[in-house]
Amino acid sequence: MLAHVAIFPTDKGASVSAHVAEIVKMIADSGLDYRVTSMGTQIEGDAEAVFDLIKRCHLAMRAVSQRVYTTIAIDDREGATGRLSGKIKSLEARLGRSLPDEA
């Protein structure tokens, strides 16, 4: 399963990177494969592990904020693994060129 998640507090001002960094640490510590983008984080793994991690991240943010905004998009393809990089490689092969990195 691939999930794209964005979790941020709505009551901490214009810059929330310090709060988001704590969530990224939780994701990194989970052992699941992930990629941080400018608009959220992509996580790959077993559905139960991904859902559990997202819940824990949301609740951790909720513990420091009165209002939390969380979005989740899921691509759940049976039997597929390695899709964080595989989907990009597939596009690059069809385009005949490399795509720019997110960073």
# chains A, B, ... in the order shown; residues from 1 in each chain; ligands from 1
>>> residues_around(residues="segment 21-31 of chain A", least_positions_apart="3", cutoff="8 Å", atoms="only C-alpha atoms", output="JSON, numbers by chain")
{"A": [7, 17, 18, 34, 36, 53, 57, 60, 61]}
>>> closest_atom_pairs(of="segment 8-40 of chain A", to="segment 62-80 of chain A", cutoff="6 Å", atoms="only C-alpha atoms", output="tab-separated table")
residue	atom	partner	partner_atom	distance
A:Phe8	CA	A:Tyr69	CA	5.5
A:Pro9	CA	A:Val68	CA	4.4
A:Thr10	CA	A:Arg67	CA	5.7
>>> atom_distance(atom1="atom CA of Ser15 of chain A", atom2="atom CA of Pro100 of chain A")
25.7 Å
>>> atom_distance(atom1="atom CA of Phe51 of chain A", atom2="atom CA of Asp33 of chain A")
13.8 Å
>>> closest_residue(among="A:Ala49, A:Lys12, A:Leu32, A:Arg56", to="Gly82 of chain A", atoms="only C-alpha atoms")
A:Leu32
>>> atom_distance(atom1="atom CA of Thr41 of chain A", atom2="atom CA of Val16 of chain A")
14.8 Å
>>> select_by_dssp(residues="chain A", states="helix (DSSP H, G or I)", output="ChimeraX atom specification")
/A:17-29,47-62,83-95
>>> closest_residue(among="A:Asp101, A:His4, A:Lys89, A:Gly96", to="Glu44 of chain A", atoms="only C-alpha atoms")
A:His4
>>> select_by_dssp(residues="segment 3-80 of chain A", states="strand (DSSP E or B)", output="PDB file with N, CA and C atoms, in the first residue's frame")
ATOM      1  N   ALA A   3       0.593   5.349   0.718  1.00  0.00           N
ATOM      2  CA  ALA A   3      -0.262   6.395   1.279  1.00  0.00           C
ATOM      3  C   ALA A   3       0.478   7.709   1.196  1.00  0.00           C
ATOM      4  N   HIS A   4      -0.231   8.734   0.805  1.00  0.00           N
ATOM      5  CA  HIS A   4       0.297  10.092   0.841  1.00  0.00           C
ATOM      6  C   HIS A   4      -0.436  10.788   1.981  1.00  0.00           C
ATOM      7  N   VAL A   5       0.307  11.281   2.952  1.00  0.00           N
ATOM      8  CA  VAL A   5      -0.316  11.891   4.121  1.00  0.00           C
ATOM      9  C   VAL A   5       0.300  13.264   4.383  1.00  0.00           C
ATOM     10  N   ALA A   6      -0.547  14.178   4.782  1.00  0.00           N
ATOM     11  CA  ALA A   6      -0.111  15.497   5.230  1.00  0.00           C
ATOM     12  C   ALA A   6      -0.811  15.755   6.564  1.00  0.00           C
ATOM     13  N   ILE A   7      -0.029  16.042   7.579  1.00  0.00           N
ATOM     14  CA  ILE A   7      -0.568  16.288   8.918  1.00  0.00           C
ATOM     15  C   ILE A   7       0.062  17.575   9.435  1.00  0.00           C
ATOM     16  N   PHE A   8      -0.777  18.553   9.769  1.00  0.00           N
ATOM     17  CA  PHE A   8      -0.217  19.793  10.299  1.00  0.00           C
ATOM     18  C   PHE A   8      -1.209  20.478  11.225  1.00  0.00           C
ATOM     19  N   PRO A   9      -0.673  21.245  12.184  1.00  0.00           N
ATOM     20  CA  PRO A   9      -1.551  21.989  13.090  1.00  0.00           C
ATOM     21  C   PRO A   9      -2.044  23.251  12.403  1.00  0.00           C
ATOM     22  N   ASP A  33       9.146   2.286   4.580  1.00  0.00           N
ATOM     23  CA  ASP A  33       9.768   3.089   3.537  1.00  0.00           C
ATOM     24  C   ASP A  33       8.938   4.350   3.344  1.00  0.00           C
ATOM     25  N   TYR A  34       9.600   5.495   3.187  1.00  0.00           N
ATOM     26  CA  TYR A  34       8.875   6.756   3.046  1.00  0.00           C
ATOM     27  C   TYR A  34       9.681   7.746   2.230  1.00  0.00           C
ATOM     28  N   ARG A  35       9.003   8.751   1.719  1.00  0.00           N
ATOM     29  CA  ARG A  35       9.610   9.874   1.000  1.00  0.00           C
ATOM     30  C   ARG A  35       8.889  11.137   1.430  1.00  0.00           C
ATOM     31  N   VAL A  36       9.645  12.117   1.850  1.00  0.00           N
ATOM     32  CA  VAL A  36       9.069  13.412   2.207  1.00  0.00           C
ATOM     33  C   VAL A  36       9.036  14.271   0.947  1.00  0.00           C
ATOM     34  N   THR A  37       7.911  14.933   0.722  1.00  0.00           N
ATOM     35  CA  THR A  37       7.788  15.880  -0.385  1.00  0.00           C
ATOM     36  C   THR A  37       7.436  17.239   0.200  1.00  0.00           C
ATOM     37  N   GLY A  40       3.735  16.844   1.601  1.00  0.00           N
ATOM     38  CA  GLY A  40       3.325  15.727   2.438  1.00  0.00           C
ATOM     39  C   GLY A  40       4.370  14.640   2.409  1.00  0.00           C
ATOM     40  N   THR A  41       4.005  13.491   2.911  1.00  0.00           N
ATOM     41  CA  THR A  41       4.924  12.360   2.976  1.00  0.00           C
ATOM     42  C   THR A  41       4.252  11.126   2.408  1.00  0.00           C
ATOM     43  N   GLN A  42       4.995  10.396   1.584  1.00  0.00           N
ATOM     44  CA  GLN A  42       4.511   9.146   1.028  1.00  0.00           C
ATOM     45  C   GLN A  42       5.082   8.013   1.868  1.00  0.00           C
ATOM     46  N   ILE A  43       4.239   7.064   2.218  1.00  0.00           N
ATOM     47  CA  ILE A  43       4.620   5.933   3.053  1.00  0.00           C
ATOM     48  C   ILE A  43       4.212   4.661   2.341  1.00  0.00           C
ATOM     49  N   GLU A  44       5.100   3.647   2.369  1.00  0.00           N
ATOM     50  CA  GLU A  44       4.775   2.368   1.750  1.00  0.00           C
ATOM     51  C   GLU A  44       4.911   1.256   2.781  1.00  0.00           C
ATOM     52  N   VAL A  68      -6.038  19.982  14.136  1.00  0.00           N
ATOM     53  CA  VAL A  68      -5.086  19.326  13.240  1.00  0.00           C
ATOM     54  C   VAL A  68      -5.783  19.019  11.925  1.00  0.00           C
ATOM     55  N   TYR A  69      -5.093  19.280  10.835  1.00  0.00           N
ATOM     56  CA  TYR A  69      -5.603  18.982   9.503  1.00  0.00           C
ATOM     57  C   TYR A  69      -4.805  17.807   8.951  1.00  0.00           C
ATOM     58  N   THR A  70      -5.481  16.724   8.618  1.00  0.00           N
ATOM     59  CA  THR A  70      -4.823  15.531   8.090  1.00  0.00           C
ATOM     60  C   THR A  70      -5.504  15.127   6.790  1.00  0.00           C
ATOM     61  N   THR A  71      -4.702  14.928   5.757  1.00  0.00           N
ATOM     62  CA  THR A  71      -5.220  14.392   4.500  1.00  0.00           C
ATOM     63  C   THR A  71      -4.510  13.076   4.213  1.00  0.00           C
ATOM     64  N   ILE A  72      -5.252  12.157   3.631  1.00  0.00           N
ATOM     65  CA  ILE A  72      -4.698  10.844   3.298  1.00  0.00           C
ATOM     66  C   ILE A  72      -5.194  10.450   1.911  1.00  0.00           C
ATOM     67  N   ALA A  73      -4.272  10.058   1.058  1.00  0.00           N
ATOM     68  CA  ALA A  73      -4.613   9.468  -0.240  1.00  0.00           C
ATOM     69  C   ALA A  73      -3.942   8.107  -0.285  1.00  0.00           C
ATOM     70  N   ILE A  74      -4.676   7.082  -0.728  1.00  0.00           N
ATOM     71  CA  ILE A  74      -4.167   5.716  -0.708  1.00  0.00           C
ATOM     72  C   ILE A  74      -4.225   5.099  -2.096  1.00  0.00           C
ATOM     73  N   ASP A  75      -3.131   4.417  -2.455  1.00  0.00           N
ATOM     74  CA  ASP A  75      -3.072   3.598  -3.668  1.00  0.00           C
ATOM     75  C   ASP A  75      -2.747   2.187  -3.192  1.00  0.00           C
TER      76      ASP A  75
END
